[in-house]
file start_6.cif (mmCIF, C-alpha atoms)
data_structure
loop_
_atom_site.group_PDB
_atom_site.id
_atom_site.type_symbol
_atom_site.label_atom_id
_atom_site.label_comp_id
_atom_site.auth_asym_id
_atom_site.auth_seq_id
_atom_site.Cartn_x
_atom_site.Cartn_y
_atom_site.Cartn_z
ATOM 1 C CA MET L 5 165.158 102.402 84.758
ATOM 2 C CA GLU L 6 162.187 100.063 84.271
ATOM 3 C CA ALA L 7 162.725 96.354 84.780
ATOM 4 C CA GLY L 8 162.994 94.499 81.484
ATOM 5 C CA VAL L 9 163.706 97.623 79.424
ATOM 6 C CA GLU L 10 166.898 97.312 77.428
ATOM 7 C CA ARG L 11 169.100 100.374 77.528
ATOM 8 C CA PHE L 12 171.123 101.478 74.509
ATOM 9 C CA PRO L 13 174.098 103.858 74.462
ATOM 10 C CA ASP L 14 173.366 107.351 73.181
ATOM 11 C CA PRO L 15 174.340 107.982 69.555
ATOM 12 C CA SER L 16 176.898 110.656 68.742
ATOM 13 C CA ALA L 17 175.825 114.224 68.008
ATOM 14 C CA GLU L 18 176.759 113.683 64.344
ATOM 15 C CA VAL L 19 174.523 110.613 64.048
ATOM 16 C CA LEU L 20 171.622 112.445 65.719
ATOM 17 C CA ALA L 21 172.079 115.416 63.369
ATOM 18 C CA GLU L 22 172.082 113.105 60.344
ATOM 19 C CA ALA L 23 168.952 111.300 61.557
ATOM 20 C CA ALA L 24 167.185 114.607 62.234
ATOM 21 C CA ALA L 25 168.031 115.774 58.703
ATOM 22 C CA ALA L 26 166.632 112.549 57.207
ATOM 23 C CA PHE L 27 163.449 112.809 59.283
ATOM 24 C CA GLY L 28 163.228 116.485 58.353
ATOM 25 C CA LEU L 29 163.235 115.598 54.665
ATOM 26 C CA LEU L 30 160.522 113.001 55.262
ATOM 27 C CA ALA L 31 158.453 115.576 57.179
ATOM 28 C CA SER L 32 157.265 116.888 53.803
ATOM 29 C CA SER L 33 154.182 114.918 52.750
ATOM 30 C CA ALA L 34 155.229 115.235 49.097
ATOM 31 C CA ARG L 35 158.687 113.753 49.743
ATOM 32 C CA LEU L 36 157.233 111.082 52.013
ATOM 33 C CA HIS L 37 154.791 110.131 49.243
ATOM 34 C CA ILE L 38 157.691 109.920 46.768
ATOM 35 C CA VAL L 39 159.683 107.652 49.099
ATOM 36 C CA TRP L 40 156.532 105.569 49.717
ATOM 37 C CA ALA L 41 156.030 105.193 45.957
ATOM 38 C CA LEU L 42 159.693 104.288 45.391
ATOM 39 C CA ALA L 43 159.499 101.742 48.227
ATOM 40 C CA GLN L 44 156.978 99.913 46.003
ATOM 41 C CA GLY L 45 159.363 99.944 43.039
ATOM 42 C CA GLU L 46 161.588 102.151 40.963
ATOM 43 C CA SER L 47 160.221 104.869 38.701
ATOM 44 C CA ASP L 48 161.200 107.795 36.529
ATOM 45 C CA VAL L 49 160.248 111.373 37.421
ATOM 46 C CA SER L 50 157.200 111.501 35.125
ATOM 47 C CA GLY L 51 155.794 108.282 36.609
ATOM 48 C CA LEU L 52 156.344 109.640 40.112
ATOM 49 C CA ALA L 53 154.734 112.982 39.255
ATOM 50 C CA GLU L 54 151.682 111.159 37.930
ATOM 51 C CA ARG L 55 151.475 108.863 40.971
ATOM 52 C CA VAL L 56 151.917 111.530 43.648
ATOM 53 C CA GLY L 57 149.943 114.189 41.791
ATOM 54 C CA GLY L 58 152.759 116.703 41.670
ATOM 55 C CA ALA L 59 154.113 118.956 38.971
ATOM 56 C CA LEU L 60 157.144 117.536 37.182
ATOM 57 C CA PRO L 61 159.537 120.348 38.259
ATOM 58 C CA ALA L 62 158.436 120.068 41.917
ATOM 59 C CA VAL L 63 158.856 116.271 41.977
ATOM 60 C CA SER L 64 162.256 116.635 40.318
ATOM 61 C CA GLN L 65 163.286 119.150 42.993
ATOM 62 C CA HIS L 66 162.131 116.802 45.785
ATOM 63 C CA LEU L 67 164.087 113.939 44.211
ATOM 64 C CA THR L 68 167.216 116.085 44.112
ATOM 65 C CA LYS L 69 166.912 116.792 47.848
ATOM 66 C CA LEU L 70 166.279 113.114 48.625
ATOM 67 C CA LYS L 71 169.305 112.120 46.515
ATOM 68 C CA LEU L 72 171.573 114.645 48.214
ATOM 69 C CA ALA L 73 170.521 113.205 51.584
ATOM 70 C CA GLY L 74 171.271 109.674 50.392
ATOM 71 C CA LEU L 75 167.676 108.483 50.823
ATOM 72 C CA VAL L 76 167.143 107.921 47.088
ATOM 73 C CA ARG L 77 169.481 106.895 44.269
ATOM 74 C CA SER L 78 169.153 106.891 40.508
ATOM 75 C CA ARG L 79 170.558 105.268 37.418
ATOM 76 C CA ARG L 80 170.344 106.078 33.756
ATOM 77 C CA GLU L 81 168.291 103.859 31.430
ATOM 78 C CA GLY L 82 168.749 105.259 27.957
ATOM 79 C CA ARG L 83 167.463 108.814 28.135
ATOM 80 C CA ARG L 84 165.498 108.217 31.356
ATOM 81 C CA GLN L 85 166.710 108.658 34.903
ATOM 82 C CA VAL L 86 165.232 105.902 37.088
ATOM 83 C CA TYR L 87 164.931 106.512 40.834
ATOM 84 C CA PHE L 88 164.861 103.958 43.649
ATOM 85 C CA VAL L 89 165.303 103.638 47.412
ATOM 86 C CA ASP L 90 168.532 101.747 47.957
ATOM 87 C CA ASP L 91 168.299 101.520 51.757
ATOM 88 C CA PRO L 92 166.004 98.746 53.053
ATOM 89 C CA ASP L 93 165.983 100.373 56.505
ATOM 90 C CA VAL L 94 164.452 103.566 55.084
ATOM 91 C CA VAL L 95 161.794 101.455 53.340
ATOM 92 C CA THR L 96 161.076 99.623 56.620
ATOM 93 C CA VAL L 97 160.718 102.829 58.645
ATOM 94 C CA VAL L 98 158.413 104.457 56.083
ATOM 95 C CA ARG L 99 156.246 101.336 55.723
ATOM 96 C CA LEU L 100 155.974 100.848 59.492
ATOM 97 C CA VAL L 101 155.058 104.440 60.314
ATOM 98 C CA VAL L 102 152.646 104.943 57.409
ATOM 99 C CA GLY L 103 151.106 101.493 57.967
ATOM 100 C CA GLN L 104 150.585 102.166 61.676
ATOM 101 C CA LEU L 105 148.994 105.551 61.024
ATOM 102 C CA ALA L 106 146.749 104.075 58.316
ATOM 103 C CA ASP L 107 145.623 101.414 60.814
ATOM 104 C CA ARG L 108 144.811 104.055 63.412
ATOM 105 C CA ALA L 109 142.765 105.930 60.829
ATOM 106 C CA GLY L 110 140.860 102.734 60.047
ATOM 107 C CA GLY L 111 142.299 102.350 56.556
ATOM 108 C CA GLY L 112 144.954 99.681 56.964
ATOM 109 C CA ILE L 113 147.227 99.028 54.018
ATOM 110 C CA PRO L 114 147.373 95.332 53.036
ATOM 111 C CA GLY L 115 150.838 93.804 53.128
ATOM 112 C CA VAL L 116 152.377 96.597 55.207
ATOM 113 C CA GLY L 117 154.033 95.696 58.522
ATOM 114 C CA HIS L 118 152.871 97.174 61.782
ATOM 115 C CA LEU L 119 154.574 98.421 64.909
ATOM 116 C CA ARG L 120 152.430 96.329 67.251
ATOM 117 C CA GLY L 121 150.589 93.074 66.980
ATOM 118 C CA THR L 122 152.300 91.323 64.075
ATOM 119 C CA GLY L 123 155.831 91.218 65.387
ATOM 120 C CA THR L 124 157.132 93.277 62.453
#

call {"tool": "encode", "arguments": {"input": "start_6.cif", "output": "structure tokens"}}
result
Amino acid sequence: MEAGVERFPDPSAEVLAEAAAAFGLLASSARLHIVWALAQGESDVSGLAERVGGALPAVSQHLTKLKLAGLVRSRREGRRQVYFVDDPDVVTVVRLVVGQLADRAGGGIPGVGHLRGTGT
């Protein structure tokens, strides 16, 4: 083990399986875009479809999968279903990874934390 490297205990097989499932859902660029959009603020399915450039039925299907995995929640507002990310850790992971990759590509995203350099 390297000097100065903190060692953590290994997570259980169940925790690793759950994490892999969550990352698997976010491996779809469409679902990642939806989570990115919801990390900026809540929205209904038509607003999300417009923002991510997807067909309404496809976005609705992605939202269902994200809800089943517990990455996204919803509430009813009149006749609308409003979606949001209720887990600040999911928002942090998505912002960090997407922000870092945008930086590498030369198109940094203002206001998004980074993995190196800023301490966030």

call {"tool": "atom_distance", "arguments": {"input": "start_6.cif", "atom1": "atom CA of L:Ala23", "atom2": "atom CA of L:Asp93"}}
result
12.4 Å

call {"tool": "closest_residue", "arguments": {"input": "start_6.cif", "among": "L:Leu20, L:Val76, L:Ala26, L:Pro92", "to": "L:Ile38", "atoms": "all atoms listed in the file"}}
result
L:Val76

call {"tool": "residues_near_point", "arguments": {"input": "start_6.cif", "point": "(156.5, 116.2, 42.7)", "cutoff": "9 Å", "atoms": "all atoms listed in the file", "output": "PDB file with C-alpha atoms, in the coordinates of the input"}}
result
ATOM      1  CA  ALA L  34     155.229 115.235  49.097  1.00  0.00           C
ATOM      2  CA  ARG L  35     158.687 113.753  49.743  1.00  0.00           C
ATOM      3  CA  ILE L  38     157.691 109.920  46.768  1.00  0.00           C
ATOM      4  CA  VAL L  49     160.248 111.373  37.421  1.00  0.00           C
ATOM      5  CA  SER L  50     157.200 111.501  35.125  1.00  0.00           C
ATOM      6  CA  LEU L  52     156.344 109.640  40.112  1.00  0.00           C
ATOM      7  CA  ALA L  53     154.734 112.982  39.255  1.00  0.00           C
ATOM      8  CA  GLU L  54     151.682 111.159  37.930  1.00  0.00           C
ATOM      9  CA  VAL L  56     151.917 111.530  43.648  1.00  0.00           C
ATOM     10  CA  GLY L  57     149.943 114.189  41.791  1.00  0.00           C
ATOM     11  CA  GLY L  58     152.759 116.703  41.670  1.00  0.00           C
ATOM     12  CA  ALA L  59     154.113 118.956  38.971  1.00  0.00           C
ATOM     13  CA  LEU L  60     157.144 117.536  37.182  1.00  0.00           C
ATOM     14  CA  PRO L  61     159.537 120.348  38.259  1.00  0.00           C
ATOM     15  CA  ALA L  62     158.436 120.068  41.917  1.00  0.00           C
ATOM     16  CA  VAL L  63     158.856 116.271  41.977  1.00  0.00           C
ATOM     17  CA  SER L  64     162.256 116.635  40.318  1.00  0.00           C
ATOM     18  CA  GLN L  65     163.286 119.150  42.993  1.00  0.00           C
ATOM     19  CA  HIS L  66     162.131 116.802  45.785  1.00  0.00           C
ATOM     20  CA  LEU L  67     164.087 113.939  44.211  1.00  0.00           C
TER      21      LEU L  67
END

call {"tool": "residues_around", "arguments": {"input": "start_6.cif", "residues": "L:Glu81", "least_positions_apart": "5", "cutoff": "12 Å", "atoms": "all atoms listed in the file", "output": "list of chain:residue names"}}
result
L:Glu46, L:Ser47, L:Asp48, L:Val86, L:Tyr87

call {"tool": "atom_distance", "arguments": {"input": "start_6.cif", "atom1": "atom CA of L:Asp91", "atom2": "atom CA of L:Ala43"}}
result
9.5 Å

call {"tool": "atom_distance", "arguments": {"input": "start_6.cif", "atom1": "atom CA of L:Ala31", "atom2": "atom CA of L:Pro13"}}
result
26.1 Å

call {"tool": "closest_residue", "arguments": {"input": "start_6.cif", "among": "L:His37, L:Leu29, L:Pro15, L:Arg55", "to": "L:Lys71", "atoms": "only C-alpha atoms"}}
result
L:Leu29
